[in-house]
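Trainee: The following block contains the structure, expressed as structure tokens.
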Amino acid sequence: MAGSQWELPPELCCRPMAFVALTGLDVVYNAVHRAIWDAFCANRRADRVPISFKVLPGDHEYPKCRTKRTSYEWYIPKGIVKTGWMNKHLNLVPALVVLFYELDWDDPQWKEKQSECATKVEIVRTSLQGRNTKVAVVLIQKKTPLPPGEDLVASERASALCSSCDLSGKSLFVLPHTDHLVGYIIRLENAFYEHAQTYYYTEIRRVKSHKEFLNKTTHQLLFVRHQFKMAFLSELKQDTQNALKYYRAAYSLVHELRAHETNMLEIKTMAGFINYKICRLCFQHNTPLDAIAQFRKHIDLCKKKIGCAELAFEHSAWMSKQFQSFGELFDEAIKLGLTAIQTQNPGFYYQQAACYSQDRKQMAQQFCQAGTTYPSPDPLDTQSGGLDFYGQRPWRQGHQSIDPTDPEKEKLGILALQIKERDVPHSELIIALLSNAVAQFKKYKCPRMKSHLMVQMGEEYYHAKDYTKALKLLDYVMCDYRTERWWPLLTAILTTALHCAYLMASVKDYVIYCMELLGRASTLKEEQKSRIEKNLFKVLTNDVPEAESECDQSSVGAARSLWTDRMALSGSNELMVEMQDYIPFIQCKARFQSPCFHVDQPIQLQVFLRADCPHPVSFSKLTVSLSNQEYNQWCVVESSGQDSMTLLPGKPRCYNFSFVAKTEDVGKKVEVKMMLGSDSGRCVFLSWRGAGGDAASTQEALQTSRSSRRWGRGNETRQELDWDSLTLQHSTMIISRVPRICVQLSHQPPALTNEMFCISLTVQSQENVVAKDVKLTAGLKPGQEAGLGHTTHVTLDGSSVSDDNAPALLTDVPLGDLKPGEKLEKCVYMRCVSTGPRIFLFHVAYSIDTAVEGRHIVCKCHKVENLLSSTFELLDQVAVDIPFLLMTDIRSSSPWPLLLSSSSLQLLTVTSSTPPLQSQLQQVVLQTGESASECFCLRCPADTSSSNTVATGQYVVSWRSADSPLIQTTVTLPHVILESVPLYIYADLPSFGRVRESLPVRYHIENRTAQVMEVEIAVDPSDAFMFSGLKQPQGRQPDDASIAAA
Amino acid sequence: MFHICLLMFSPQNYPLYIRSVPSQNELKFHYTVHTSLDVVEEKVSAVGKSLADQRELYLGLLYPTEDYKVYGYVTNSKVKFVIVVDSSNTSLRDNEIRSMFRKLHNSFTDVMCNPFYNPGDPIQSKAFNGIVSGMMVQTG
């Protein structure tokens, strides 16, 4: 059990609790007893007193107490603390023995039962001979007791029982077995706890009293032992403050011991125990800094106490355990609410523990050579099967002098230990500790520390020959180091990974790691690179690579046979390696010569390759795969026979490709994916996504751009290709050929509403050959305001006014062929029903035979403005049966003269009071800004129902501009509100009057209602006139009341 | 002979300058320093939150390990300096380390002033090398 030799004993790590033994309970057959026992042990939460209970039979034999020493004068201690001591006080020697006895106060057989109880107490006392353990009696009663003092029989019998059992009154309890069992139990428990504390108090006093008998020369060990015992008993008493004090004292005493090789282990073991207790208590007292300080002190004091040199691994194991257990304590405290920080968390302790475990492993390898046989008889065997004292050697227990008693035995013992150490699964221990640490560092935001530990884990798996796991871990962290650009570390990790890949004979991994180790990020020396490159080529030619130098010999043999098997297997010898995630030894950069190409130009693509490895690399094929697979055939370079393509170290090589894009790819992008195959026996396809570049090239490009910004374009003068300043151009745009025809448009804006507006188009070919299938698309450009499509009509026929069904866009009007230099004219008519700007599109497409390619051109768009507006004055209200005037007003906004040919009214409800005349505006020519007015007298018929508004009708104007056809514009006249008037007044006024002559004015007042109306008329004189006649005529029907004014 | 190791990082945390005396076990130093960047980053970002203008460039002891003490320093342009010394080296106290950093910072500024130096490139200046060597001899 060499591995667990360093584990802390469980009795040290648990929380000590007062031990109380319960006897007289038959928990198996007696239901009442069972219920009592359950009440004691179930639900022991933190609020209950810390006691550990145990049911023991009444005649249980407790550990014998040795006779007390009266003098220490001739006593020489054999060790510090006995291995059984802690357990004895935790689990074997009770602080209190409680005797349960069923007895009611009014039991008919009281006397007999009383003496039986006394006997039972006596039996317990006898077996506790010499111990200070208290005894208590609990009477289990069926009846609920009366309040104290009322039951005279009870108090009398209680005192009788006490005296017969030799008990104090405080140690006799009554437990009525009624409903409130748990409540009673809790009260009992508290009483037991008090007794237990008294017991531990006296025990501490007893141990303390030994001190005066001790002397410093022979009893040094006892000083430590007593302090330790007092501390432990204090813990049992739950007096953690004093416990901490005693432990601290014990700790300083343990370091005062004379240390030599023979007792070093014992001292360290005890120091470790005490330190553990101190740290634990400090965390418990919520003083984590004290705990950390104590631990640091402990480590500083013990670091150099290696002890026996041949067993130095033991020291490392012990150190590792110290760190581990402190880490666990720390972690536990955190779980209970302590907060840790980035620089002080359990992870560091686990990491250090792992570190010491690594030391241990190394030393174990150094000291424990194979080949020796295990000594017989086993020097590690003891008669009892264990040790008497903590930290002693089994072959010389209790031996405390400086020199070992028997050097021969000592040698054999050491040898036995060394052989045992050989079987310890060191790697497992280390990996477990490291993964603990990783978990902690993850929690405390230490990504780099985490990566570092994962590297260590990977290395440990490698040592443990678990290569798959090792590679998995290493692969995972490699990316981090790659992005951080720590090349030395990356190289180190890659080297380990390469070893793993070699030993596993994993071809793909091996190839990848080789390629990266040959690359520019690797910090390996030239000769190493050269060796690796040779190995790589061996693998590529289906050969077994040479062994990696640092691998151990036994595994190399196994690896070699694995490789031979792998190579014999002919099946899948094609490998595809994505280069983007690595920094491989061949760099690749590809670029299109230009960000865009016309479809009639050949597309130029350059692929640059550069090898960073020490030897030339030859490869057999370079292919480029483009997003349109059809082009791939043009971008292949293949070596023919002997003439293989070779990359010289450090010399960039450029491969040019050119191909013609297809017309259907116009407007699409072409992207590069590269594949570099080198197939000779085994093929490896290196593939670069995008246009080459790898994990490191972005940063390099950035650096280069910085320096070139500083130094201008110094590179251009240099003849040699500057690799770093090569930029990638991973896509190009294929755009249509530049058209060689001339399209001209002529028209005279603005266009008027409803006008047939003519736009003339001239197409002239400048091609050298015949342009075939010339097609015209003309009309409203799509994508304008939604309504415009319905209000715009395009036609090729200008002779008549187009109807509303004409489309807004004429598509693909064939125009025939165009000979070189030929000119073609075409008129397009457009009619807009509403005003507003419009954008027109003219698109001439043709195909041409030059390179069997069709060409299209998109011609310019055009703007047309429309600017006719008509305005009408309008009346708000019209009275029924009263004539009114309608006046129209036409104003020309057109920049050239308009001829109005006719105008007419189309009336609906109202009637014209005058017979229809010829239009007053016939043949009137309006210049820009001029207006023409027309007046109509209208009357609303009397029988019109008096609805509020009424449509008046439409006004139609026919007009035309200079030479366009006649156009009719219809304007809907506004609606008017009808009103019926009850009283109609009509004034009869002469058209003129003379000064000083009378001006007769006659008012006709007409009642249009069915009722009789009373009218009152008042005439207000004006300053300019004098009145004659009735000023205030009154009456019902004033007949032609006349008022004359003078 | 005490170990001493000096590293400088770019703001992107890749090494600009590495020097360790004696040179064996260099890899372990690299790992130690690399992991210390966790603490540097944390400290730098913590400083950024408060008192941004009155920043102390010296970050002090980054974290204790069994064997080494790691000290950190960050320039205003976020170039990081890290010095690692043996834990047992008691001659170097906080003050000495602080003045070493200041000296380094000064000569780094000189390097940056060189128009031929492209920021972000590894430092290959002879003068800088000389100053570092001098410092290491003094303390080592």
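Residues in the structure tokens are named by chain (A, B, ... in the order shown) and by number from 1 within that chain; ligands are numbered from 1 in the order shown.
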Can you check which residues of chain A have any atom within 7 Å of chain B? Use only C-alpha atoms and format it as a PyMOL selection string.
Mentor: chain A and resi 343+446-449+452+484-486+703+707
Trainee: So which residues touch Val82 in chain B within 7 Å, counting only C-alpha atoms, skipping near sequence neighbours fewer than 4 positions away, as a ChimeraX atom specification?
Mentor: /B:6-8,70-73
Trainee: Put those residues in a file: N, CA and C atoms, as a PDB file, in the first residue's frame.
Mentor:
ATOM      1  N   LEU B   6      14.277  37.446 -18.100  1.00  0.00           N
ATOM      2  CA  LEU B   6      13.588  38.678 -18.459  1.00  0.00           C
ATOM      3  C   LEU B   6      12.811  38.449 -19.743  1.00  0.00           C
ATOM      4  N   LEU B   7      11.585  38.855 -19.739  1.00  0.00           N
ATOM      5  CA  LEU B   7      10.798  38.724 -20.950  1.00  0.00           C
ATOM      6  C   LEU B   7      10.034  39.993 -21.230  1.00  0.00           C
ATOM      7  N   MET B   8       9.835  40.256 -22.492  1.00  0.00           N
ATOM      8  CA  MET B   8       8.999  41.384 -22.863  1.00  0.00           C
ATOM      9  C   MET B   8       7.962  40.900 -23.852  1.00  0.00           C
ATOM     10  N   VAL B  70       7.761  36.160  -9.585  1.00  0.00           N
ATOM     11  CA  VAL B  70       7.502  36.749 -10.905  1.00  0.00           C
ATOM     12  C   VAL B  70       6.988  38.171 -10.694  1.00  0.00           C
ATOM     13  N   TYR B  71       7.704  39.124 -11.295  1.00  0.00           N
ATOM     14  CA  TYR B  71       7.300  40.525 -11.174  1.00  0.00           C
ATOM     15  C   TYR B  71       6.849  41.043 -12.538  1.00  0.00           C
ATOM     16  N   GLY B  72       5.949  41.978 -12.525  1.00  0.00           N
ATOM     17  CA  GLY B  72       5.436  42.482 -13.792  1.00  0.00           C
ATOM     18  C   GLY B  72       5.442  43.999 -13.876  1.00  0.00           C
ATOM     19  N   TYR B  73       5.400  44.483 -15.101  1.00  0.00           N
ATOM     20  CA  TYR B  73       5.453  45.921 -15.380  1.00  0.00           C
ATOM     21  C   TYR B  73       4.776  46.118 -16.726  1.00  0.00           C
TER      22      TYR B  73
END
Trainee: Applying 12 Å and only C-alpha atoms, which residues near Asp300 in chain A remain after dropping the ones on its own chain fewer than 2 positions away? List them as a PyMOL selection string.
Mentor: (chain A and resi 255+293-298+302-305+319+322) or (chain B and resi 66-67+87-88)
Trainee: Figure out the distance between CA of Ser834 in chain A and CA of Ser901 in chain A, please, to one decimal in Å.
Mentor: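 Computing the Euclidean distance for CA of Ser901 in chain A and CA of Ser834 in chain A yields 21.8 Å.
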Trainee: Contacts of range 270-284 of chain A at 8 Å or less, counting only C-alpha atoms, minus same-chain residues fewer than 3 places along, as number ranges by chain?
Mentor: A: 8, 12-13, 80-81, 228, 240, 244, 247-248, 250-251, 254-255, 266-267, 287-288, 290-292, 294-295, 298, 322, 325-326, 329-330, 333, 390-391
Trainee: Enumerate, as an MDAnalysis selection string, the complete set of residues in range 458-597 of chain A that a backbone-based DSSP assignment places in alpha helix (DSSP H).
Mentor: chainID A and resid 458:463 467:484 487:504 507:518 526:540 553:568
Trainee: How far is it from CA of Ala808 in chain A to CA of Val774 in chain A, in Å with one decimal?
Mentor: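 Here the two named atoms are 20.7 Å from each other.
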Trainee: For a quick check of understanding, using only C-alpha atoms, which of A:Gln633, A:Thr792, A:Ser618, A:Thr811 has the smallest distance to Ile839 in chain A?
Mentor: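 Checking each candidate against Ile839 in chain A, we get A:Thr792 as the closest.
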Trainee: For Ser594 in chain A, which of A:Thr269, A:Gln729, A:Gln553, A:Ser658 is the closest residue, counting only C-alpha atoms?
Mentor: A:Gln729
Trainee: Give me, as number ranges by chain, all polymer residues having an atom no more than 7 Å from His499 in chain A, counting only C-alpha atoms and skipping those fewer than 4 positions away in the same chain.
Mentor: A: 495, 503, 548, 551
Trainee: Do a neighbour search on Phe101 in chain B at 12 Å with only C-alpha atoms, toss out local chain neighbours closer than 3 positions, and write the hits as an MDAnalysis selection string.
Mentor: chainID B and resid 6:8 57:60 71:75 80:84 94:98 104:108 131:132 135
Trainee: Please produce an output containing N, CA, C and O atoms for each residue in the selection, written as a short mmCIF file (atom, residue, chain, number, x, y, z; two decimals), in the first residue's frame.
Mentor:
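Saved to result07.cif:
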data_model
loop_
_atom_site.label_atom_id
_atom_site.label_comp_id
_atom_site.auth_asym_id
_atom_site.auth_seq_id
_atom_site.Cartn_x
_atom_site.Cartn_y
_atom_site.Cartn_z
N LEU B 6 14.28 37.45 -18.10
CA LEU B 6 13.59 38.68 -18.46
C LEU B 6 12.81 38.45 -19.74
O LEU B 6 13.31 37.89 -20.70
N LEU B 7 11.59 38.85 -19.74
CA LEU B 7 10.80 38.72 -20.95
C LEU B 7 10.03 39.99 -21.23
O LEU B 7 9.64 40.70 -20.30
N MET B 8 9.84 40.26 -22.49
CA MET B 8 9.00 41.38 -22.86
C MET B 8 7.96 40.90 -23.85
O MET B 8 8.25 40.10 -24.72
N LEU B 57 2.86 51.87 -13.29
CA LEU B 57 3.28 50.92 -14.31
C LEU B 57 3.77 49.62 -13.70
O LEU B 57 3.62 48.55 -14.26
N TYR B 58 4.34 49.75 -12.52
CA TYR B 58 4.88 48.57 -11.86
C TYR B 58 3.74 47.76 -11.25
O TYR B 58 2.92 48.29 -10.51
N LEU B 59 3.67 46.51 -11.59
CA LEU B 59 2.55 45.69 -11.11
C LEU B 59 2.91 44.90 -9.86
O LEU B 59 2.05 44.28 -9.25
N GLY B 60 4.19 44.88 -9.52
CA GLY B 60 4.59 44.17 -8.30
C GLY B 60 4.71 42.68 -8.52
O GLY B 60 4.74 42.19 -9.65
N TYR B 71 7.70 39.12 -11.30
CA TYR B 71 7.30 40.52 -11.17
C TYR B 71 6.85 41.04 -12.54
O TYR B 71 7.35 40.60 -13.57
N GLY B 72 5.95 41.98 -12.53
CA GLY B 72 5.44 42.48 -13.79
C GLY B 72 5.44 44.00 -13.88
O GLY B 72 5.48 44.70 -12.86
N TYR B 73 5.40 44.48 -15.10
CA TYR B 73 5.45 45.92 -15.38
C TYR B 73 4.78 46.12 -16.73
O TYR B 73 4.98 45.33 -17.66
N VAL B 74 3.95 47.13 -16.83
CA VAL B 74 3.26 47.36 -18.10
C VAL B 74 3.47 48.81 -18.54
O VAL B 74 3.22 49.73 -17.76
N THR B 75 3.93 49.00 -19.75
CA THR B 75 4.11 50.37 -20.23
C THR B 75 2.75 50.91 -20.66
O THR B 75 1.78 50.17 -20.74
N LYS B 80 4.49 44.59 -22.10
CA LYS B 80 4.65 44.03 -20.76
C LYS B 80 6.07 43.56 -20.52
O LYS B 80 6.66 42.93 -21.40
N PHE B 81 6.58 43.86 -19.35
CA PHE B 81 7.89 43.35 -18.95
C PHE B 81 7.66 42.39 -17.80
O PHE B 81 6.87 42.67 -16.91
N VAL B 82 8.36 41.29 -17.82
CA VAL B 82 8.26 40.36 -16.70
C VAL B 82 9.66 39.94 -16.30
O VAL B 82 10.50 39.65 -17.16
N ILE B 83 9.92 39.98 -14.99
CA ILE B 83 11.20 39.49 -14.49
C ILE B 83 10.93 38.32 -13.56
O ILE B 83 10.05 38.39 -12.71
N VAL B 84 11.66 37.27 -13.77
CA VAL B 84 11.52 36.10 -12.90
C VAL B 84 12.84 35.92 -12.15
O VAL B 84 13.90 35.92 -12.77
N ASP B 94 11.79 44.48 -3.56
CA ASP B 94 10.83 45.19 -4.39
C ASP B 94 11.43 46.42 -5.06
O ASP B 94 11.22 46.68 -6.24
N ASN B 95 12.22 47.17 -4.27
CA ASN B 95 12.79 48.42 -4.78
C ASN B 95 13.76 48.19 -5.92
O ASN B 95 13.76 48.91 -6.91
N GLU B 96 14.60 47.16 -5.74
CA GLU B 96 15.59 46.86 -6.79
C GLU B 96 14.87 46.46 -8.08
O GLU B 96 15.24 46.90 -9.17
N ILE B 97 13.86 45.64 -7.90
CA ILE B 97 13.11 45.18 -9.08
C ILE B 97 12.48 46.37 -9.78
O ILE B 97 12.54 46.52 -11.01
N ARG B 98 11.94 47.25 -8.97
CA ARG B 98 11.28 48.43 -9.53
C ARG B 98 12.26 49.27 -10.36
O ARG B 98 11.94 49.71 -11.46
N LEU B 104 14.84 49.31 -17.69
CA LEU B 104 14.43 48.59 -18.90
C LEU B 104 13.50 49.44 -19.75
O LEU B 104 13.64 49.50 -20.97
N HIS B 105 12.59 50.07 -19.07
CA HIS B 105 11.61 50.89 -19.78
C HIS B 105 12.32 52.00 -20.55
O HIS B 105 12.02 52.28 -21.70
N ASN B 106 13.30 52.59 -19.89
CA ASN B 106 14.05 53.67 -20.55
C ASN B 106 14.73 53.17 -21.81
O ASN B 106 14.64 53.79 -22.87
N SER B 107 15.40 52.02 -21.68
CA SER B 107 16.12 51.58 -22.87
C SER B 107 15.16 51.05 -23.92
O SER B 107 15.45 51.10 -25.11
N PHE B 108 14.00 50.57 -23.47
CA PHE B 108 12.99 50.15 -24.45
C PHE B 108 12.49 51.37 -25.24
O PHE B 108 12.27 51.30 -26.45
N ILE B 131 22.51 46.61 -22.09
CA ILE B 131 21.94 47.09 -20.83
C ILE B 131 21.37 45.92 -20.03
O ILE B 131 21.59 45.81 -18.82
N VAL B 132 20.69 45.03 -20.73
CA VAL B 132 20.12 43.86 -20.04
C VAL B 132 21.24 43.02 -19.45
O VAL B 132 21.17 42.58 -18.30
N MET B 135 22.58 44.52 -16.36
CA MET B 135 21.65 44.37 -15.26
C MET B 135 21.72 42.98 -14.66
O MET B 135 21.69 42.80 -13.45
#
Trainee: Which residues in range 52-106 of chain A does DSSP call strand (DSSP E or B)? List them as a VMD selection string.
Mentor: chain A and resid 52 to 56 82 96 to 102
Trainee: Could those residues be written to a file, using N, CA and C atoms, as a PDB file, in the first residue's frame?
Mentor:
ATOM      1  N   SER A  52     -21.239  11.878  18.779  1.00  0.00           N
ATOM      2  CA  SER A  52     -21.422  10.662  17.997  1.00  0.00           C
ATOM      3  C   SER A  52     -21.892   9.571  18.960  1.00  0.00           C
ATOM      4  N   PHE A  53     -23.018   8.991  18.625  1.00  0.00           N
ATOM      5  CA  PHE A  53     -23.611   7.968  19.485  1.00  0.00           C
ATOM      6  C   PHE A  53     -23.294   6.588  18.945  1.00  0.00           C
ATOM      7  N   LYS A  54     -23.240   5.657  19.854  1.00  0.00           N
ATOM      8  CA  LYS A  54     -23.048   4.274  19.435  1.00  0.00           C
ATOM      9  C   LYS A  54     -23.833   3.411  20.400  1.00  0.00           C
ATOM     10  N   VAL A  55     -24.515   2.400  19.876  1.00  0.00           N
ATOM     11  CA  VAL A  55     -25.206   1.460  20.763  1.00  0.00           C
ATOM     12  C   VAL A  55     -24.264   0.307  21.052  1.00  0.00           C
ATOM     13  N   LEU A  56     -24.030   0.084  22.327  1.00  0.00           N
ATOM     14  CA  LEU A  56     -23.146  -1.016  22.710  1.00  0.00           C
ATOM     15  C   LEU A  56     -23.920  -1.932  23.660  1.00  0.00           C
ATOM     16  N   LYS A  82       0.740   7.354  19.149  1.00  0.00           N
ATOM     17  CA  LYS A  82       0.415   5.990  18.725  1.00  0.00           C
ATOM     18  C   LYS A  82      -0.655   6.028  17.646  1.00  0.00           C
ATOM     19  N   LEU A  96     -19.105   9.214  27.960  1.00  0.00           N
ATOM     20  CA  LEU A  96     -20.244   8.949  28.821  1.00  0.00           C
ATOM     21  C   LEU A  96     -20.885   7.640  28.365  1.00  0.00           C
ATOM     22  N   VAL A  97     -21.207   6.775  29.337  1.00  0.00           N
ATOM     23  CA  VAL A  97     -21.967   5.570  28.990  1.00  0.00           C
ATOM     24  C   VAL A  97     -23.352   5.740  29.586  1.00  0.00           C
ATOM     25  N   VAL A  98     -24.345   5.613  28.746  1.00  0.00           N
ATOM     26  CA  VAL A  98     -25.711   5.809  29.216  1.00  0.00           C
ATOM     27  C   VAL A  98     -26.400   4.454  29.255  1.00  0.00           C
ATOM     28  N   LEU A  99     -26.936   4.147  30.411  1.00  0.00           N
ATOM     29  CA  LEU A  99     -27.639   2.876  30.554  1.00  0.00           C
ATOM     30  C   LEU A  99     -29.138   3.137  30.461  1.00  0.00           C
ATOM     31  N   PHE A 100     -29.769   2.517  29.488  1.00  0.00           N
ATOM     32  CA  PHE A 100     -31.220   2.648  29.355  1.00  0.00           C
ATOM     33  C   PHE A 100     -31.876   1.482  30.086  1.00  0.00           C
ATOM     34  N   TYR A 101     -32.894   1.799  30.862  1.00  0.00           N
ATOM     35  CA  TYR A 101     -33.527   0.751  31.657  1.00  0.00           C
ATOM     36  C   TYR A 101     -35.005   1.060  31.736  1.00  0.00           C
ATOM     37  N   GLU A 102     -35.848   0.075  31.446  1.00  0.00           N
ATOM     38  CA  GLU A 102     -37.294   0.301  31.479  1.00  0.00           C
ATOM     39  C   GLU A 102     -37.798   0.155  32.902  1.00  0.00           C
TER      40      GLU A 102
END
Trainee: Could you work out how far CA of His180 in chain A lies from CA of His33 in chain A, giving the answer in Å with one decimal?
Mentor: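 One can read the CA of His33 in chain A to CA of His180 in chain A distance as 14.8 Å.
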